[in-house]
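Report on the structure given below.
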Amino acid sequence: MYKKTMSKKTELKIRHATIEDAKKISELENICFPFAEAASEESIFRRVKTFPNHFWLGFDGDNLVSFVNGLATNQKDLTDEMYENENLHDESGNWQMIFGVDTAPDYRKRGFASQVMETAISDSKRQNRKGLVLTCKEKLIPFYERFGFKNEGLSSSEHGGEKWYQMRLEF
């Protein structure tokens with residue numbers, strides 16, 4: 001289990017997922033993303049079953065308040081197929097794809113997502129990956145740039161009918 005301190009008052013505990021966490025993960029996913037973008041409960045269960053160590057869950061006490069998830073692959077770019085096909089996960093893959101950075105609305109702007117993301121980055125480095133790749137909306141580009149991600153421009157993704165920018169953090 002990971003443990004990081006946010007401040008003297010708030011402690012964020014970060015750990016990987018278990019199948020018992022899948023329902024809570026799905027509930028938070030559906031709060032954080034519009035229906036067209038959110039992963040279904042079934043998809044979350046399949047992902048957790050297939051790559052639980054690629055879910056980083058942030059807890060405030062017993063409350064799941066933030067998480068990051070995605071699969072590892074040798075493919076260099078994040079594709080829409082990856083969101084629904086957990087079998088594309090390759091535990092020894094060079095790239096850690098990030099599908100989502102979710103934080104409960106009442107916990108935003110308090111550094112929780114940053115701590116969970118920093119743990120995902122640190123773990124990916126320790127696992128000798130080449131780096132991490134994600135897609136985001138234009139307004140979130142500056143958030144990811146703070147971690148060292150570089151904007152590679154518009155992604156080919158059509159996920160949820162939105163315009164996405166591919167971001168890459170290379171080690």
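Chain identifiers are assigned as A, B, and so on, following the order in which chains appear in the structure tokens; residues are numbered from 1 within each chain, and ligands are numbered from 1 in order of appearance.
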Which residues are near Gly93 of chain A? Cut-off 10 Å, only C-alpha atoms, ignore same chain within fewer than 2 positions. Put them as a ChimeraX atom specification.
/A:71-76,88-91,95-97,127-130
Selection to disk with all heavy atoms, as a CSV table (one decimal), in the first residue's frame:
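The file below, selection_31.csv, is the result:
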```csv
chain,number,residue,atom,x,y,z
A,71,LEU,N,-4.1,0.6,-19.4
A,71,LEU,CA,-3.4,-0.6,-19.6
A,71,LEU,C,-2.0,-0.3,-20.1
A,71,LEU,O,-1.6,0.8,-20.5
A,71,LEU,CB,-4.1,-1.5,-20.6
A,71,LEU,CG,-4.5,-1.0,-22.0
A,71,LEU,CD1,-3.3,-0.9,-22.9
A,71,LEU,CD2,-5.5,-1.9,-22.6
A,72,ALA,N,-1.1,-1.4,-20.1
A,72,ALA,CA,0.2,-1.3,-20.6
A,72,ALA,C,0.2,-2.0,-22.0
A,72,ALA,O,-0.5,-2.9,-22.2
A,72,ALA,CB,1.2,-2.0,-19.7
A,73,THR,N,1.0,-1.4,-22.9
A,73,THR,CA,1.0,-1.9,-24.2
A,73,THR,C,2.3,-1.6,-24.9
A,73,THR,O,3.0,-0.6,-24.5
A,73,THR,CB,-0.1,-1.4,-25.0
A,73,THR,OG1,-0.1,-1.9,-26.4
A,73,THR,CG2,-0.1,0.1,-25.1
A,74,ASN,N,2.6,-2.2,-26.0
A,74,ASN,CA,3.8,-1.8,-26.8
A,74,ASN,C,3.4,-0.8,-27.9
A,74,ASN,O,4.2,-0.3,-28.6
A,74,ASN,CB,4.5,-3.0,-27.5
A,74,ASN,CG,5.3,-3.7,-26.4
A,74,ASN,OD1,6.1,-3.1,-25.7
A,74,ASN,ND2,5.3,-5.1,-26.4
A,75,GLN,N,2.0,-0.7,-28.1
A,75,GLN,CA,1.6,0.3,-29.1
A,75,GLN,C,1.9,1.7,-28.6
A,75,GLN,O,1.8,2.0,-27.4
A,75,GLN,CB,0.1,0.2,-29.3
A,75,GLN,CG,-0.4,-1.1,-29.9
A,75,GLN,CD,-1.9,-1.1,-30.2
A,75,GLN,OE1,-2.5,-0.1,-30.7
A,75,GLN,NE2,-2.5,-2.2,-29.8
A,76,LYS,N,2.4,2.6,-29.4
A,76,LYS,CA,2.9,3.9,-29.0
A,76,LYS,C,1.7,4.9,-28.8
A,76,LYS,O,1.9,5.8,-28.0
A,76,LYS,CB,3.8,4.4,-30.1
A,76,LYS,CG,4.6,5.6,-29.6
A,76,LYS,CD,5.7,6.0,-30.6
A,76,LYS,CE,6.4,7.2,-30.0
A,76,LYS,NZ,7.4,7.8,-30.7
A,88,LEU,N,-5.9,-6.2,-24.8
A,88,LEU,CA,-4.8,-5.5,-25.4
A,88,LEU,C,-3.7,-5.2,-24.4
A,88,LEU,O,-2.6,-4.7,-24.8
A,88,LEU,CB,-5.3,-4.2,-26.1
A,88,LEU,CG,-6.2,-4.4,-27.3
A,88,LEU,CD1,-6.7,-3.1,-27.9
A,88,LEU,CD2,-5.5,-5.2,-28.4
A,89,HIS,N,-4.0,-5.4,-23.1
A,89,HIS,CA,-3.0,-5.2,-22.1
A,89,HIS,C,-1.9,-6.2,-22.2
A,89,HIS,O,-2.1,-7.4,-22.4
A,89,HIS,CB,-3.7,-5.4,-20.7
A,89,HIS,CG,-2.7,-5.4,-19.6
A,89,HIS,ND1,-2.1,-4.2,-19.2
A,89,HIS,CD2,-2.3,-6.3,-18.7
A,89,HIS,CE1,-1.3,-4.5,-18.2
A,89,HIS,NE2,-1.4,-5.7,-17.9
A,90,ASP,N,-0.7,-5.7,-22.1
A,90,ASP,CA,0.6,-6.5,-22.1
A,90,ASP,C,1.4,-6.0,-20.9
A,90,ASP,O,1.9,-4.9,-20.9
A,90,ASP,CB,1.3,-6.2,-23.4
A,90,ASP,CG,2.7,-6.9,-23.5
A,90,ASP,OD1,3.1,-7.5,-22.5
A,90,ASP,OD2,3.3,-6.8,-24.6
A,91,GLU,N,1.4,-6.9,-19.9
A,91,GLU,CA,2.1,-6.5,-18.6
A,91,GLU,C,3.5,-6.0,-18.9
A,91,GLU,O,4.0,-5.2,-18.1
A,91,GLU,CB,2.1,-7.7,-17.7
A,91,GLU,CG,2.5,-7.4,-16.3
A,91,GLU,CD,1.7,-6.3,-15.6
A,91,GLU,OE1,0.5,-6.2,-15.7
A,91,GLU,OE2,2.3,-5.4,-14.9
A,95,TRP,N,4.7,1.1,-22.9
A,95,TRP,CA,3.9,2.3,-22.6
A,95,TRP,C,2.8,2.0,-21.6
A,95,TRP,O,2.0,1.1,-21.8
A,95,TRP,CB,3.3,2.9,-23.9
A,95,TRP,CG,4.4,3.3,-24.8
A,95,TRP,CD1,4.9,2.6,-25.9
A,95,TRP,CD2,5.2,4.5,-24.8
A,95,TRP,NE1,5.9,3.3,-26.5
A,95,TRP,CE2,6.1,4.4,-25.8
A,95,TRP,CE3,5.2,5.6,-23.9
A,95,TRP,CZ2,7.1,5.4,-26.1
A,95,TRP,CZ3,6.1,6.6,-24.2
A,95,TRP,CH2,7.0,6.5,-25.2
A,96,GLN,N,2.6,2.9,-20.7
A,96,GLN,CA,1.5,2.9,-19.8
A,96,GLN,C,0.5,3.9,-20.3
A,96,GLN,O,0.7,5.1,-20.4
A,96,GLN,CB,1.9,3.3,-18.3
A,96,GLN,CG,0.7,3.4,-17.4
A,96,GLN,CD,0.0,2.1,-17.1
A,96,GLN,OE1,0.7,1.1,-16.8
A,96,GLN,NE2,-1.3,2.0,-17.4
A,97,MET,N,-0.7,3.3,-20.8
A,97,MET,CA,-1.7,4.2,-21.2
A,97,MET,C,-2.6,4.6,-20.1
A,97,MET,O,-2.8,3.8,-19.1
A,97,MET,CB,-2.6,3.5,-22.3
A,97,MET,CG,-1.9,3.0,-23.5
A,97,MET,SD,-1.3,4.4,-24.5
A,97,MET,CE,0.0,3.7,-25.4
A,127,GLN,N,8.9,0.3,-13.4
A,127,GLN,CA,8.6,-0.9,-14.2
A,127,GLN,C,9.3,-0.8,-15.5
A,127,GLN,O,9.1,-1.6,-16.4
A,127,GLN,CB,7.1,-1.0,-14.4
A,127,GLN,CG,6.3,-1.3,-13.1
A,127,GLN,CD,4.8,-1.0,-13.2
A,127,GLN,OE1,4.3,-0.4,-14.2
A,127,GLN,NE2,4.1,-1.4,-12.2
A,128,ASN,N,10.2,0.2,-15.7
A,128,ASN,CA,11.0,0.3,-16.9
A,128,ASN,C,10.2,0.6,-18.1
A,128,ASN,O,10.6,0.1,-19.2
A,128,ASN,CB,12.0,-0.8,-17.0
A,128,ASN,CG,13.0,-0.9,-15.9
A,128,ASN,OD1,13.6,0.1,-15.5
A,128,ASN,ND2,13.2,-2.1,-15.3
A,129,ARG,N,9.1,1.2,-18.0
A,129,ARG,CA,8.4,1.6,-19.2
A,129,ARG,C,9.1,2.8,-19.9
A,129,ARG,O,9.9,3.5,-19.3
A,129,ARG,CB,6.9,2.0,-18.8
A,129,ARG,CG,6.3,0.9,-18.0
A,129,ARG,CD,4.9,0.5,-18.4
A,129,ARG,NE,4.3,-0.3,-17.4
A,129,ARG,CZ,4.3,-1.7,-17.5
A,129,ARG,NH1,4.9,-2.3,-18.6
A,129,ARG,NH2,3.7,-2.4,-16.6
A,130,LYS,N,8.7,3.0,-21.1
A,130,LYS,CA,9.3,4.2,-21.9
A,130,LYS,C,8.6,5.4,-21.4
A,130,LYS,O,9.1,6.5,-21.6
A,130,LYS,CB,9.1,4.0,-23.4
A,130,LYS,CG,10.0,2.9,-24.0
A,130,LYS,CD,9.9,2.9,-25.5
A,130,LYS,CE,10.9,1.8,-26.0
A,130,LYS,NZ,10.8,1.8,-27.5
```
Segment 101-116 of chain A environment, 8 Å, only C-alpha atoms, sequence neighbours closer than 4 positions dropped, as a ChimeraX atom specification
/A:4,6,12,14,28-29,31-32,56-58,65-69,120
Using only C-alpha atoms, which protein or nucleic acid residues come within 12 Å of Lys125 of chain A? Drop anything in the same chain fewer than 6 positions from it, and give the result as a compact mmCIF listing (two decimals) with N, CA and C atoms, in the first residue's frame.
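That gives us selection-v1.txt:
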```txt
# COMPACT_ATOMS: atom_id res chain seq x y z
N ASN A 94 5.79 -1.46 -23.24
CA ASN A 94 6.66 -0.29 -23.07
C ASN A 94 5.94 0.96 -22.59
N TRP A 95 4.65 1.06 -22.88
CA TRP A 95 3.91 2.29 -22.60
C TRP A 95 2.76 2.03 -21.64
N GLN A 96 2.63 2.90 -20.66
CA GLN A 96 1.47 2.88 -19.76
C GLN A 96 0.46 3.86 -20.32
N GLU A 118 1.10 11.13 -9.76
CA GLU A 118 2.53 11.00 -9.44
C GLU A 118 2.89 9.56 -9.09
N THR A 119 2.01 8.86 -8.41
CA THR A 119 2.26 7.47 -8.07
C THR A 119 2.24 6.60 -9.33
N GLY A 131 7.34 5.31 -20.92
CA GLY A 131 6.61 6.48 -20.48
C GLY A 131 5.12 6.21 -20.40
N LEU A 132 4.36 7.31 -20.32
CA LEU A 132 2.91 7.24 -20.22
C LEU A 132 2.28 8.05 -21.35
N LEU A 169 4.40 11.46 -21.81
CA LEU A 169 5.49 11.68 -20.86
C LEU A 169 6.51 10.58 -21.13
N GLU A 170 7.66 10.98 -21.68
CA GLU A 170 8.70 10.02 -22.01
C GLU A 170 9.78 10.06 -20.94
N PHE A 171 10.21 8.88 -20.51
CA PHE A 171 11.28 8.81 -19.49
C PHE A 171 12.64 8.82 -20.16
```
Might you pull out every residue within 9 Å of Lys150 of chain A, with only C-alpha atoms counted and same-chain residues fewer than 6 positions away left off, and present them as a ChimeraX atom specification?
/A:141,144,166-170
Per-residue nearest contacts of segment 41-66 of chain A to segment 21-27 of chain A (10 Å; only C-alpha atoms) as JSON lines:
```
{"residue": "A:Glu41", "atom": "CA", "partner": "A:Ser26", "partner_atom": "CA", "distance": 5.3}
{"residue": "A:Glu42", "atom": "CA", "partner": "A:Ser26", "partner_atom": "CA", "distance": 8.7}
{"residue": "A:Ser43", "atom": "CA", "partner": "A:Ser26", "partner_atom": "CA", "distance": 8.8}
{"residue": "A:Ile44", "atom": "CA", "partner": "A:Ser26", "partner_atom": "CA", "distance": 6.1}
{"residue": "A:Phe45", "atom": "CA", "partner": "A:Ala22", "partner_atom": "CA", "distance": 5.6}
{"residue": "A:Arg46", "atom": "CA", "partner": "A:Ala22", "partner_atom": "CA", "distance": 9.1}
{"residue": "A:Arg47", "atom": "CA", "partner": "A:Ala22", "partner_atom": "CA", "distance": 8.9}
{"residue": "A:Val48", "atom": "CA", "partner": "A:Ala22", "partner_atom": "CA", "distance": 6.6}
{"residue": "A:Lys49", "atom": "CA", "partner": "A:Ala22", "partner_atom": "CA", "distance": 8.9}
{"residue": "A:Pro52", "atom": "CA", "partner": "A:Ala22", "partner_atom": "CA", "distance": 9.7}
{"residue": "A:Phe55", "atom": "CA", "partner": "A:Ile25", "partner_atom": "CA", "distance": 9.5}
{"residue": "A:Leu57", "atom": "CA", "partner": "A:Ile25", "partner_atom": "CA", "distance": 8.5}
{"residue": "A:Asn63", "atom": "CA", "partner": "A:Lys24", "partner_atom": "CA", "distance": 9.2}
{"residue": "A:Leu64", "atom": "CA", "partner": "A:Lys24", "partner_atom": "CA", "distance": 7.2}
{"residue": "A:Val65", "atom": "CA", "partner": "A:Ile25", "partner_atom": "CA", "distance": 9.5}
{"residue": "A:Ser66", "atom": "CA", "partner": "A:Ile25", "partner_atom": "CA", "distance": 9.0}
```
Those selected residues, please, written with C-alpha atoms and delivered as a CSV table (one decimal), in the first residue's frame.
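Listing of result.csv after writing:
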```
chain,number,residue,atom,x,y,z
A,41,GLU,CA,-19.6,-1.0,-15.0
A,42,GLU,CA,-18.9,-4.1,-17.0
A,43,SER,CA,-15.8,-2.6,-18.6
A,44,ILE,CA,-14.5,-1.5,-15.2
A,45,PHE,CA,-15.0,-5.0,-13.9
A,46,ARG,CA,-13.1,-6.5,-16.9
A,47,ARG,CA,-10.3,-4.0,-16.5
A,48,VAL,CA,-9.9,-4.6,-12.8
A,49,LYS,CA,-9.9,-8.3,-13.3
A,52,PRO,CA,-5.6,-4.5,-11.2
A,55,PHE,CA,-5.4,1.1,-11.2
A,57,LEU,CA,-6.8,4.3,-6.1
A,63,ASN,CA,-13.7,7.0,0.7
A,64,LEU,CA,-12.4,6.4,-2.8
A,65,VAL,CA,-11.8,10.0,-3.9
A,66,SER,CA,-9.5,9.7,-6.9
```
Taken to one decimal, the atom CA of Ala17 of chain A-atom CA of Phe143 of chain A distance is 24.5 Å
Test item, strand (DSSP E or B) assignment across chain A, answer as number ranges by chain:
A: 2-5, 11-16, 55-60, 63-69, 72-73, 95-98, 100-103, 131-136, 150-154, 165-170
So which one's closest to Gly70 of chain A, A:Asn85, A:Phe99, A:Ile19, A:Phe33? Using only C-alpha atoms, please.
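The shortest atom-to-atom distance to Gly70 of chain A comes from A:Phe99.
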So that I can check the surroundings of Glu138 of chain A, please list as a PDB file with C-alpha atoms, in the first residue's frame every protein, DNA and RNA residue that reaches within 10 Å of it, counting only C-alpha atoms and ignoring chain neighbours fewer than 2 positions away.
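And here's result-v3.pdb as it stands now:
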```pdb
ATOM      1  CA  THR A 135      -5.640  11.851 -24.190  1.00  0.00           C
ATOM      2  CA  CYS A 136      -7.384  14.863 -22.719  1.00  0.00           C
ATOM      3  CA  LEU A 140      -6.642  19.985 -19.270  1.00  0.00           C
ATOM      4  CA  ILE A 141      -3.430  20.259 -21.302  1.00  0.00           C
ATOM      5  CA  PRO A 142      -1.775  22.628 -18.751  1.00  0.00           C
ATOM      6  CA  ASN A 151       1.164  17.787 -26.221  1.00  0.00           C
ATOM      7  CA  GLY A 153      -1.626  17.501 -30.987  1.00  0.00           C
ATOM      8  CA  LEU A 154      -5.062  16.217 -31.860  1.00  0.00           C
ATOM      9  CA  LYS A 163     -11.987  16.305 -29.522  1.00  0.00           C
ATOM     10  CA  TRP A 164      -8.961  14.833 -27.682  1.00  0.00           C
ATOM     11  CA  TYR A 165      -5.299  15.803 -27.517  1.00  0.00           C
ATOM     12  CA  GLN A 166      -2.651  13.124 -27.092  1.00  0.00           C
TER      13      GLN A 166
END
```
Write down as a count of residues only the residues of chain A whose backbone DSSP state falls under helix (DSSP H, G or I).
64
Identify, on the basis of only C-alpha atoms, every residue whose closest approach to Ala36 of chain A does not exceed 10 Å; exclude the query and any residue fewer than 4 positions from it along the same chain; express the result as a PyMOL selection string.
chain A and resi 30+40+159-162
